[in-house]
file data-v9.txt (compact mmCIF, C-alpha atoms)
# COMPACT_ATOMS: atom_id res chain seq x y z
CA MET A 32 0.00 0.00 0.00
CA GLU A 33 2.80 2.43 0.85
CA SER A 34 4.77 1.52 -2.28
CA LEU A 35 1.73 2.14 -4.40
CA TYR A 36 1.20 5.50 -2.69
CA GLU A 37 4.84 6.45 -3.40
CA ILE A 38 4.53 5.45 -7.06
CA LEU A 39 1.46 7.56 -7.52
CA THR A 40 2.76 10.62 -5.66
CA SER A 41 5.92 10.60 -7.82
CA LYS A 42 3.69 11.41 -10.77
CA PHE A 43 2.04 14.46 -9.08
CA ASP A 44 2.72 17.97 -10.24
CA PRO A 45 5.25 19.53 -7.84
CA SER A 46 3.07 22.61 -7.53
CA ASN A 47 0.27 20.52 -6.00
CA SER A 48 0.65 18.95 -2.61
CA ALA A 49 0.11 15.24 -2.29
CA PRO A 50 -2.80 14.00 -0.16
CA ASP A 51 -2.16 12.68 3.28
CA PRO A 52 -1.87 8.85 3.20
CA ARG A 53 -3.70 8.65 6.54
CA GLU A 54 -6.88 10.22 5.25
CA GLN A 55 -9.86 7.95 4.83
CA GLN A 56 -10.42 8.82 1.21
CA THR A 57 -6.79 8.14 0.31
CA THR A 58 -6.69 4.75 1.96
CA THR A 59 -10.04 3.82 0.43
CA TYR A 60 -8.90 4.70 -3.08
CA LEU A 61 -5.57 2.85 -2.69
CA ALA A 62 -7.45 -0.23 -1.43
CA ARG A 63 -9.76 0.00 -4.49
CA LEU A 64 -6.77 0.17 -6.86
CA THR A 65 -5.41 -3.08 -5.47
CA THR A 66 -8.64 -4.85 -6.43
CA LEU A 67 -8.50 -3.79 -10.09
CA SER A 68 -6.85 -5.76 -12.87
CA LEU A 69 -4.22 -4.36 -15.18
CA ASP A 70 -6.70 -4.02 -18.02
CA ASP A 71 -9.09 -2.02 -15.82
CA LEU A 72 -6.26 0.22 -14.70
CA THR A 73 -5.23 0.96 -18.26
CA SER A 74 -8.66 1.22 -19.82
CA THR A 75 -11.50 2.25 -17.45
CA GLU A 76 -9.79 3.84 -14.47
CA SER A 77 -8.87 7.05 -16.23
CA ALA A 78 -12.46 7.46 -17.47
CA SER A 79 -13.79 6.80 -13.97
CA ILE A 80 -11.47 9.42 -12.52
CA LEU A 81 -12.53 11.91 -15.18
CA TYR A 82 -16.22 11.24 -14.48
CA ALA A 83 -15.71 11.66 -10.76
CA SER A 84 -13.84 14.91 -11.34
CA GLN A 85 -16.59 16.29 -13.54
CA SER A 86 -19.24 15.21 -11.03
CA HIS A 87 -17.41 16.97 -8.22
CA ALA A 88 -17.08 20.08 -10.39
CA ARG A 89 -20.82 20.16 -11.05
CA HIS A 90 -21.59 19.70 -7.34
CA LEU A 91 -19.22 22.54 -6.48
CA GLN A 92 -20.84 24.81 -9.04
CA ALA A 93 -24.33 24.06 -7.69
CA LEU A 94 -23.12 24.63 -4.14
CA SER A 95 -21.50 27.94 -5.04
CA LYS A 96 -24.68 29.07 -6.79
CA ARG A 97 -26.82 28.24 -3.79
CA SER A 98 -24.45 29.75 -1.26
CA ARG A 99 -23.41 32.83 -3.20
CA ASN A 100 -25.37 35.40 -1.14
CA ALA A 101 -24.44 33.76 2.15
CA VAL A 102 -20.78 33.68 1.19
CA ILE A 103 -20.81 37.35 0.15
CA SER A 104 -22.57 38.35 3.40
CA SER A 105 -20.13 36.31 5.46
CA SER A 106 -17.25 37.95 3.66
CA THR A 107 -18.67 41.42 4.34
CA GLN A 108 -19.27 40.64 8.02
CA LEU A 109 -15.81 39.17 8.28
CA ALA A 110 -14.36 42.38 6.87
CA SER A 111 -16.15 44.46 9.56
CA LEU A 112 -15.22 42.03 12.31
CA ALA A 113 -11.89 43.77 12.78
CA THR A 114 -13.61 47.00 13.87
CA LEU A 115 -16.54 45.27 15.61
CA LEU A 116 -14.43 43.28 18.07
CA PRO A 117 -12.79 46.35 19.70
CA THR A 118 -16.24 47.94 20.10
CA ILE A 119 -17.57 44.80 21.75
CA THR A 120 -14.57 44.72 24.02
CA SER A 121 -15.02 48.36 25.12
CA GLN A 122 -18.78 47.90 25.72
CA THR A 123 -18.06 44.76 27.71
CA ASP A 124 -15.69 46.72 29.90
CA VAL A 125 -18.33 49.40 30.46
CA LEU A 126 -20.90 46.71 31.35
CA GLN A 127 -18.53 45.13 33.83
CA LYS A 128 -18.02 48.52 35.48
CA ASP A 129 -21.80 49.17 35.67
CA ILE A 130 -22.69 45.76 37.09
CA PRO A 131 -21.97 46.74 40.75
CA SER A 132 -24.17 49.85 40.54
CA LEU A 133 -26.91 47.83 38.79
CA GLU A 134 -26.70 45.22 41.52
CA SER A 135 -27.01 47.85 44.25
CA VAL A 136 -30.01 49.47 42.54
CA THR A 137 -31.66 46.07 42.08
CA LEU A 138 -31.12 45.25 45.75
CA ALA A 139 -32.57 48.60 46.81
CA PHE A 140 -35.61 48.04 44.56
CA SER A 141 -36.20 44.56 45.98
CA GLU A 142 -35.98 45.88 49.53
CA LYS A 143 -38.30 48.80 48.74
CA TYR A 144 -41.02 46.61 47.23
CA ASP A 145 -40.59 43.55 49.42
CA ARG A 146 -43.96 41.85 49.94
CA SER A 147 -42.86 39.95 53.01
CA THR A 148 -42.87 43.13 55.15
CA ASP A 149 -45.24 46.06 55.59
CA ASN A 150 -44.81 48.35 52.63
CA GLY A 151 -46.67 51.64 52.38
CA ILE A 152 -46.03 52.07 48.65
CA LEU A 153 -47.39 48.62 47.83
CA ASP A 154 -50.38 49.23 50.08
CA ARG A 155 -51.17 52.46 48.24
CA ARG A 156 -50.84 50.70 44.91
CA LYS A 157 -53.10 47.88 46.07
CA ARG A 158 -55.72 50.38 47.24
CA ALA A 159 -55.47 52.25 43.93
CA ALA A 160 -55.89 49.00 41.98
CA LEU A 161 -58.83 48.01 44.19
CA LEU A 162 -60.41 51.43 43.65
CA SER A 163 -59.93 51.10 39.89
CA ARG A 164 -61.62 47.70 39.85
CA ASN A 165 -64.59 48.89 41.94
CA VAL A 166 -65.04 52.38 40.51
CA ASP A 167 -68.54 51.54 39.23
CA ARG A 168 -69.66 50.29 42.65
CA LEU A 169 -68.22 53.34 44.38
CA SER A 170 -69.97 55.58 41.89
CA ASP A 171 -73.28 53.88 42.71
CA VAL A 172 -72.63 54.31 46.45
CA LEU A 173 -71.73 57.99 46.00
CA ASP A 174 -74.99 58.51 44.09
CA LEU A 175 -77.09 57.26 47.02
CA PRO A 176 -77.33 60.63 48.92
CA GLY A 177 -78.31 62.48 45.75
CA LEU A 178 -80.85 59.81 44.87
CA LEU A 179 -82.30 59.96 48.38
CA SER A 180 -82.41 63.76 48.26
CA SER A 181 -84.23 63.75 44.92
CA THR A 182 -86.69 61.17 46.27
CA VAL A 183 -87.40 63.32 49.34
CA THR A 184 -87.81 66.39 47.13
CA ALA A 185 -90.24 64.49 44.92
CA ALA A 186 -92.16 63.36 48.01
CA GLN A 187 -92.36 66.97 49.22
CA ALA A 188 -93.59 68.20 45.83
CA GLU A 189 -96.15 65.39 45.59
CA ASN A 190 -97.29 65.97 49.17
CA SER A 191 -97.93 69.65 48.43
CA GLY A 192 -99.96 68.83 45.31
CA ALA A 193 -103.45 67.49 44.96
CA ASN A 194 -104.56 63.88 44.37
CA THR A 195 -101.01 62.56 44.63
CA THR A 196 -101.45 60.02 47.43
CA SER A 197 -100.17 57.04 45.42
CA SER A 198 -97.22 59.00 44.01
CA ALA A 199 -96.24 60.27 47.45
CA SER A 200 -96.49 56.75 48.87
CA THR A 201 -94.18 55.49 46.12
CA SER A 202 -91.65 58.21 46.93
CA TYR A 203 -91.83 57.40 50.66
CA ALA A 204 -91.28 53.69 49.97
CA SER A 205 -88.34 54.43 47.66
CA ALA A 206 -86.74 56.69 50.27
CA LEU A 207 -87.14 53.98 52.93
CA ASP A 208 -85.55 51.37 50.64
CA ILE A 209 -82.56 53.63 49.96
CA GLN A 210 -82.18 54.38 53.67
CA ALA A 211 -82.33 50.65 54.51
CA HIS A 212 -79.60 49.96 51.94
CA ILE A 213 -77.41 52.71 53.42
CA LYS A 214 -77.93 51.27 56.91
CA ARG A 215 -76.83 47.85 55.67
CA LEU A 216 -73.69 49.38 54.18
CA ASN A 217 -73.00 51.17 57.47
CA THR A 218 -73.42 47.87 59.33
CA LEU A 219 -71.10 45.99 56.96
CA TYR A 220 -68.43 48.70 56.84
CA PRO A 221 -68.57 50.59 60.16
CA GLN A 222 -64.94 51.79 59.83
CA SER A 223 -65.40 53.34 56.39
CA GLU A 224 -65.33 57.15 56.40
CA LEU A 225 -67.10 57.23 53.03
CA VAL A 226 -69.98 55.07 54.24
CA GLY A 227 -70.14 57.09 57.47
CA SER A 228 -70.39 60.36 55.52
CA ILE A 229 -73.13 58.92 53.29
CA SER A 230 -74.97 57.66 56.38
CA ARG A 231 -74.87 61.13 57.97
CA GLN A 232 -76.18 62.73 54.77
CA SER A 233 -78.98 60.18 54.56
CA SER A 234 -79.89 60.86 58.20
CA ARG A 235 -80.33 64.56 57.40
CA GLU A 236 -82.50 63.69 54.41
CA MET A 237 -84.61 61.33 56.52
CA GLN A 238 -85.08 64.15 59.05
CA ASN A 239 -86.38 66.28 56.19
CA LEU A 240 -88.68 63.44 55.18
CA ALA A 241 -89.91 63.15 58.78
CA THR A 242 -90.67 66.88 58.74
CA ILE A 243 -92.61 66.42 55.48
CA LEU A 244 -94.61 63.57 57.02
CA ILE A 245 -95.34 65.57 60.18
CA THR A 246 -96.40 68.52 58.02
CA SER A 247 -98.74 66.23 56.06
CA LEU A 248 -100.40 65.25 59.36
CA GLN A 249 -101.37 68.92 59.73
CA SER A 250 -103.38 68.99 56.50
CA PRO A 251 -106.90 70.32 57.14
CA THR A 252 -108.38 67.71 54.76
CA LEU A 253 -106.51 64.72 56.20
CA LYS A 254 -108.48 61.48 55.98
CA LEU A 255 -108.16 58.41 58.17
CA ALA A 256 -106.60 56.18 55.49
CA ALA A 257 -104.01 58.80 54.59
CA ALA A 258 -103.32 59.46 58.27
CA MET A 259 -102.70 55.76 58.94
CA ARG A 260 -100.35 55.49 55.96
CA THR A 261 -98.49 58.61 57.03
CA VAL A 262 -98.13 57.40 60.61
CA GLY A 263 -96.88 54.05 59.34
CA TYR A 264 -94.23 55.76 57.23
CA LEU A 265 -93.34 58.06 60.12
CA ARG A 266 -92.70 55.07 62.40
CA ARG A 267 -90.21 53.72 59.87
CA VAL A 268 -88.65 57.04 58.91
CA ALA A 269 -88.14 58.37 62.45
CA PRO A 270 -88.18 55.50 64.97
CA GLU A 271 -86.22 57.71 67.35
CA LEU A 272 -89.39 59.77 67.90
CA VAL A 273 -90.83 56.96 69.99
CA GLY A 274 -90.50 57.81 73.67
CA ASP A 275 -89.52 61.47 73.09
CA GLU A 276 -91.48 64.43 74.33
CA LEU A 277 -93.11 66.05 71.33
CA ALA A 278 -93.90 69.59 70.35
CA LEU A 279 -94.47 71.50 67.16
CA THR A 280 -93.82 74.97 65.94
CA GLY A 281 -96.05 76.71 63.45
CA SER A 282 -94.23 74.98 60.57
CA GLY A 283 -94.44 71.53 62.13
CA ALA A 284 -90.85 71.14 63.28
CA LEU A 285 -90.13 69.27 66.53
CA LEU A 286 -89.01 71.15 69.61
CA ALA A 287 -87.41 70.02 72.84
CA LYS A 288 -90.04 71.53 75.16
CA PRO A 289 -93.11 69.48 76.13
CA LEU A 290 -96.59 70.28 74.87
CA THR A 291 -99.81 68.70 76.06
CA VAL A 292 -103.26 68.82 74.54
CA SER A 293 -105.24 68.20 77.73
CA ALA A 294 -104.99 68.50 81.47
CA THR A 295 -103.37 65.06 81.66
CA PRO A 296 -99.86 64.37 80.36
CA LEU A 297 -99.30 62.67 77.04
CA ASP A 298 -99.38 58.88 77.05
CA ASN A 299 -95.78 57.75 76.96
CA ASP A 300 -96.88 54.32 75.67
CA ASN A 301 -98.29 55.90 72.52
CA PRO A 302 -95.97 58.72 71.41
CA ILE A 303 -97.09 58.47 67.78
CA GLY A 304 -100.69 59.01 68.86
CA ALA A 305 -99.56 61.98 70.94
CA LEU A 306 -97.73 63.36 67.91
CA PHE A 307 -100.87 62.95 65.85
CA LEU A 308 -102.88 64.79 68.48
CA VAL A 309 -100.41 67.66 68.55
CA CYS A 310 -100.48 67.92 64.76
CA ARG A 311 -104.26 67.95 64.63
CA LEU A 312 -104.44 70.45 67.49
CA HIS A 313 -102.06 72.70 65.57
CA THR A 314 -104.28 72.29 62.48
CA LEU A 315 -107.33 73.24 64.56
CA HIS A 316 -105.63 76.36 65.89
CA LYS A 317 -104.41 77.33 62.42
CA THR A 318 -107.84 76.79 60.88
CA LEU A 319 -109.53 78.79 63.62
CA ARG A 320 -106.99 81.59 63.18
CA ALA A 321 -108.03 81.70 59.54
CA LEU A 322 -111.47 82.81 60.79
CA ASP A 323 -110.03 85.98 62.33
CA PRO A 324 -111.40 88.23 59.54
CA LEU A 325 -114.88 86.88 60.24
CA ARG A 326 -114.29 87.38 63.96
CA ASP A 327 -113.30 91.02 63.33
CA LEU A 328 -116.46 91.60 61.29
CA ALA A 329 -118.54 90.00 64.03
CA ASP A 330 -116.90 92.20 66.68
CA GLN A 331 -117.54 95.30 64.62
CA GLU A 332 -121.11 94.21 64.17
CA SER A 333 -121.47 93.67 67.93
CA LEU A 334 -120.18 97.20 68.59
CA GLN A 335 -122.57 98.65 66.06
CA GLN A 336 -125.44 96.70 67.59
CA ALA A 337 -124.52 97.92 71.08
CA ARG A 338 -124.47 101.56 69.87
CA HIS A 339 -127.71 101.01 68.05
CA TYR A 340 -129.61 99.86 71.12
CA THR A 341 -128.38 102.82 73.16
CA THR A 342 -130.33 105.14 70.90
CA SER A 343 -134.06 105.57 71.05
CA ASP A 344 -134.45 105.09 67.31
CA GLN A 345 -135.09 101.42 66.63
CA THR A 346 -135.91 101.03 62.97
CA SER A 347 -136.25 98.03 60.78
CA THR A 348 -132.48 97.93 60.27
CA ALA A 349 -132.18 96.23 63.65
CA SER A 350 -133.32 92.99 62.05
CA THR A 351 -130.26 92.96 59.79
CA LEU A 352 -127.86 93.22 62.67
CA GLY A 353 -126.22 89.94 63.74
CA SER A 354 -125.66 88.38 60.31
CA GLN A 355 -121.84 88.60 60.54
CA THR A 356 -121.89 87.15 64.04
CA GLU A 357 -124.12 84.34 62.89
CA ARG A 358 -121.83 83.67 59.93
CA PHE A 359 -118.74 83.59 62.15
CA LEU A 360 -120.32 81.33 64.76
CA LYS A 361 -121.67 78.98 62.12
CA ARG A 362 -118.28 78.65 60.45
CA TYR A 363 -116.48 78.39 63.80
CA ILE A 364 -118.76 75.60 65.03
CA GLU A 365 -118.46 73.79 61.69
CA VAL A 366 -114.64 73.88 61.75
CA PHE A 367 -114.46 73.00 65.43
CA ARG A 368 -116.87 70.08 65.03
CA GLU A 369 -115.06 68.67 61.97
CA GLN A 370 -111.56 68.98 63.42
CA SER A 371 -112.61 67.85 66.90
CA PHE A 372 -114.15 64.71 65.47
CA GLY A 373 -110.86 63.87 63.75
CA ILE A 374 -108.88 64.68 66.88
CA LEU A 375 -111.03 62.45 69.09
CA SER A 376 -111.66 59.49 66.77
CA ASN A 377 -108.58 59.09 64.56
CA PRO A 378 -105.91 58.70 67.31
CA THR A 379 -107.82 55.74 68.79
CA ARG A 380 -108.04 54.00 65.44
CA ILE A 381 -104.43 54.73 64.58
CA SER A 382 -103.23 53.50 67.97
CA SER A 383 -105.25 50.28 67.75
CA LYS A 384 -104.02 49.73 64.20
CA HIS A 385 -100.32 50.13 65.01
CA HIS A 386 -100.36 48.38 68.40
CA ARG A 387 -101.78 45.17 66.98

call {"tool": "encode", "arguments": {"input": "data-v9.txt", "output": "structure tokens"}}
result
Amino acid sequence: MESLYEILTSKFDPSNSAPDPREQQTTTYLARLTTLSLDDLTSTESASILYASQSHARHLQALSKRSRNAVISSSTQLASLATLLPTITSQTDVLQKDIPSLESVTLAFSEKYDRSTDNGILDRRKRAALLSRNVDRLSDVLDLPGLLSSTVTAAQAENSGANTTSSASTSYASALDIQAHIKRLNTLYPQSELVGSISRQSSREMQNLATILITSLQSPTLKLAAAMRTVGYLRRVAPELVGDELALTGSGALLAKPLTVSATPLDNDNPIGALFLVCRLHTLHKTLRALDPLRDLADQESLQQARHYTTSDQTSTASTLGSQTERFLKRYIEVFREQSFGILSNPTRISSKHHR
């Protein structure tokens, strides 16, 4: 095998280097030559070598065609590699110098936002995120005082109108539902300043609603059914009135001083009935005060009649005297009888209705 290799390499062109005898391809080819006869070596081997050379040339051409762009790009990048490597080296040095400061900043950040300890910044962020997620619910809660105020205003407007009993009842019921919802919120979240503020606002609105209900009890045309509904709403709107001493001003507002309607004190077991009595008594006084012009005319008529009888001239005009007095007394007795009947009968029915 070695002698054959030496014979063949002696025929090589000196300008071309001989292949290494230890390569796999060289040893394979030399082993193949030993299996060929002399005729094959002289006749077909040269053609086989030529065919193999041409085949390799075609494969190289196809490979160069496919890899042309990649080879050109690699050559271009290789040309810029000489300037790119120093830049990479300098940037690497800068990075190595900045690593300690980056590590210290990272450590400070991790300590600042550590979840294992109490962190005010994280707590504020959590509250902000919670507020963002529940902004619609908070908006609904913040709208409750305004909704209650508009309901009370609607109840007041309907109460001052005519034939609006059903509408006023609807407004009262809506106001009570809103107040009940606010009370539930105050029970669930007693530490919340927002809920506490809303609860205080609703309490003021319910006081206004209680004033409206008390004012409605002073209506001159109040009927028993309307009075019972109003008292029922008043028990729910202002339960704190039960057991208090009651009094009313001219506008119907409650005062701290006691007021009785008879020689005996008010029944402490029935404060709502006492309130009803006070309201109706106020209505009676107000209605009777509305008869003051008739009273003045009757007084003037009485003075004229007294002067008339002091004279000796008694003409037929004496029969016309007394008409204003009669008119005043008739109207006074009518008002007193109507209001007195309501004062005496309605409290008993209301008390029996609400004590059952």

call {"tool": "closest_residue", "arguments": {"input": "data-v9.txt", "among": "A:Ile245, A:Val102, A:Leu64, A:Ala206", "to": "Ala185 in chain A", "atoms": "all atoms listed in the file"}}
result
A:Ala206

call {"tool": "closest_residue", "arguments": {"input": "data-v9.txt", "among": "A:Ile364, A:Leu126, A:Ile229, A:Leu91", "to": "Gly177 in chain A", "atoms": "all atoms listed in the file"}}
result
A:Ile229

call {"tool": "axis_aligned_box", "arguments": {"input": "data-v9.txt", "around": "range 167-183 of chain A", "padding_each_side": "8 Å", "output": "AutoDock Vina command-line options"}}
result
--center_x -77.8 --center_y 57.0 --center_z 44.3 --size_x 35.2 --size_y 29.5 --size_z 26.1

call {"tool": "closest_residue", "arguments": {"input": "data-v9.txt", "among": "A:Ile374, A:Thr182, A:Lys317, A:Arg235", "to": "Lys254 in chain A", "atoms": "all atoms listed in the file"}}
result
A:Ile374

call {"tool": "atom_distance", "arguments": {"input": "data-v9.txt", "atom1": "CA of Tyr203 in chain A", "atom2": "CA of Thr261 in chain A"}}
result
9.3 Å

call {"tool": "atom_distance", "arguments": {"input": "data-v9.txt", "atom1": "CA of Met237 in chain A", "atom2": "CA of Gln210 in chain A"}}
result
7.9 Å

call {"tool": "atom_distance", "arguments": {"input": "data-v9.txt", "atom1": "CA of Gln238 in chain A", "atom2": "CA of Leu179 in chain A"}}
result
11.8 Å

call {"tool": "decode", "arguments": {"input": "data-v9.txt", "residues": "range 101-125 of chain A", "atoms": "N, CA, C and O atoms", "output": "mmCIF file, in the first residue's frame"}}
result
data_model
loop_
_atom_site.group_PDB
_atom_site.id
_atom_site.type_symbol
_atom_site.label_atom_id
_atom_site.label_comp_id
_atom_site.auth_asym_id
_atom_site.auth_seq_id
_atom_site.Cartn_x
_atom_site.Cartn_y
_atom_site.Cartn_z
ATOM 1 N N ALA A 101 -24.936 34.004 0.802
ATOM 2 C CA ALA A 101 -24.437 33.761 2.155
ATOM 3 C C ALA A 101 -22.927 33.951 2.233
ATOM 4 O O ALA A 101 -22.410 34.508 3.215
ATOM 5 N N VAL A 102 -22.242 33.529 1.196
ATOM 6 C CA VAL A 102 -20.780 33.678 1.192
ATOM 7 C C VAL A 102 -20.390 35.150 1.116
ATOM 8 O O VAL A 102 -19.473 35.620 1.812
ATOM 9 N N ILE A 103 -21.112 35.913 0.279
ATOM 10 C CA ILE A 103 -20.810 37.350 0.154
ATOM 11 C C ILE A 103 -21.086 38.060 1.475
ATOM 12 O O ILE A 103 -20.301 38.897 1.934
ATOM 13 N N SER A 104 -22.245 37.728 2.106
ATOM 14 C CA SER A 104 -22.570 38.352 3.399
ATOM 15 C C SER A 104 -21.539 37.986 4.451
ATOM 16 O O SER A 104 -21.114 38.838 5.248
ATOM 17 N N SER A 105 -21.150 36.733 4.486
ATOM 18 C CA SER A 105 -20.134 36.308 5.459
ATOM 19 C C SER A 105 -18.822 37.028 5.234
ATOM 20 O O SER A 105 -18.143 37.439 6.190
ATOM 21 N N SER A 106 -18.497 37.236 3.972
ATOM 22 C CA SER A 106 -17.252 37.950 3.661
ATOM 23 C C SER A 106 -17.320 39.405 4.116
ATOM 24 O O SER A 106 -16.363 39.956 4.673
ATOM 25 N N THR A 107 -18.501 40.025 3.912
ATOM 26 C CA THR A 107 -18.674 41.421 4.341
ATOM 27 C C THR A 107 -18.596 41.535 5.861
ATOM 28 O O THR A 107 -17.939 42.438 6.404
ATOM 29 N N GLN A 108 -19.313 40.620 6.551
ATOM 30 C CA GLN A 108 -19.273 40.641 8.015
ATOM 31 C C GLN A 108 -17.874 40.348 8.543
ATOM 32 O O GLN A 108 -17.443 40.928 9.541
ATOM 33 N N LEU A 109 -17.176 39.480 7.875
ATOM 34 C CA LEU A 109 -15.810 39.168 8.285
ATOM 35 C C LEU A 109 -14.896 40.376 8.113
ATOM 36 O O LEU A 109 -13.985 40.601 8.924
ATOM 37 N N ALA A 110 -15.173 41.185 7.081
ATOM 38 C CA ALA A 110 -14.362 42.383 6.867
ATOM 39 C C ALA A 110 -14.587 43.407 7.978
ATOM 40 O O ALA A 110 -13.653 44.136 8.370
ATOM 41 N N SER A 111 -15.861 43.503 8.484
ATOM 42 C CA SER A 111 -16.150 44.459 9.564
ATOM 43 C C SER A 111 -15.853 43.904 10.951
ATOM 44 O O SER A 111 -15.992 44.614 11.936
ATOM 45 N N LEU A 112 -15.489 42.643 11.021
ATOM 46 C CA LEU A 112 -15.215 42.033 12.308
ATOM 47 C C LEU A 112 -14.010 42.676 12.993
ATOM 48 O O LEU A 112 -13.969 42.765 14.225
ATOM 49 N N ALA A 113 -13.086 43.168 12.203
ATOM 50 C CA ALA A 113 -11.890 43.769 12.778
ATOM 51 C C ALA A 113 -12.216 45.024 13.582
ATOM 52 O O ALA A 113 -11.570 45.311 14.597
ATOM 53 N N THR A 114 -13.199 45.794 13.117
ATOM 54 C CA THR A 114 -13.609 46.999 13.869
ATOM 55 C C THR A 114 -14.678 46.693 14.915
ATOM 56 O O THR A 114 -14.841 47.434 15.879
ATOM 57 N N LEU A 115 -15.449 45.606 14.694
ATOM 58 C CA LEU A 115 -16.536 45.272 15.615
ATOM 59 C C LEU A 115 -16.001 44.687 16.924
ATOM 60 O O LEU A 115 -16.536 44.966 17.992
ATOM 61 N N LEU A 116 -14.962 43.913 16.856
ATOM 62 C CA LEU A 116 -14.430 43.285 18.066
ATOM 63 C C LEU A 116 -13.924 44.292 19.099
ATOM 64 O O LEU A 116 -14.223 44.153 20.294
ATOM 65 N N PRO A 117 -13.197 45.349 18.697
ATOM 66 C CA PRO A 117 -12.790 46.348 19.702
ATOM 67 C C PRO A 117 -13.993 47.052 20.348
ATOM 68 O O PRO A 117 -13.994 47.358 21.546
ATOM 69 N N THR A 118 -15.048 47.299 19.535
ATOM 70 C CA THR A 118 -16.238 47.939 20.097
ATOM 71 C C THR A 118 -16.901 47.033 21.133
ATOM 72 O O THR A 118 -17.310 47.481 22.208
ATOM 73 N N ILE A 119 -16.983 45.744 20.796
ATOM 74 C CA ILE A 119 -17.568 44.796 21.747
ATOM 75 C C ILE A 119 -16.727 44.738 23.015
ATOM 76 O O ILE A 119 -17.257 44.687 24.135
ATOM 77 N N THR A 120 -15.451 44.781 22.843
ATOM 78 C CA THR A 120 -14.567 44.724 24.017
ATOM 79 C C THR A 120 -14.770 45.929 24.918
ATOM 80 O O THR A 120 -14.864 45.811 26.148
ATOM 81 N N SER A 121 -14.844 47.131 24.314
ATOM 82 C CA SER A 121 -15.024 48.356 25.121
ATOM 83 C C SER A 121 -16.385 48.366 25.811
ATOM 84 O O SER A 121 -16.519 48.719 26.990
ATOM 85 N N GLN A 122 -17.458 47.945 25.105
ATOM 86 C CA GLN A 122 -18.782 47.904 25.717
ATOM 87 C C GLN A 122 -18.850 46.859 26.827
ATOM 88 O O GLN A 122 -19.543 47.048 27.830
ATOM 89 N N THR A 123 -18.109 45.773 26.657
ATOM 90 C CA THR A 123 -18.062 44.760 27.714
ATOM 91 C C THR A 123 -17.389 45.304 28.966
ATOM 92 O O THR A 123 -17.827 45.050 30.093
ATOM 93 N N ASP A 124 -16.350 46.096 28.754
ATOM 94 C CA ASP A 124 -15.689 46.722 29.902
ATOM 95 C C ASP A 124 -16.624 47.690 30.626
ATOM 96 O O ASP A 124 -16.667 47.721 31.872
ATOM 97 N N VAL A 125 -17.371 48.477 29.848
ATOM 98 C CA VAL A 125 -18.328 49.401 30.463
ATOM 99 C C VAL A 125 -19.404 48.635 31.236
ATOM 100 O O VAL A 125 -19.793 49.023 32.343
#
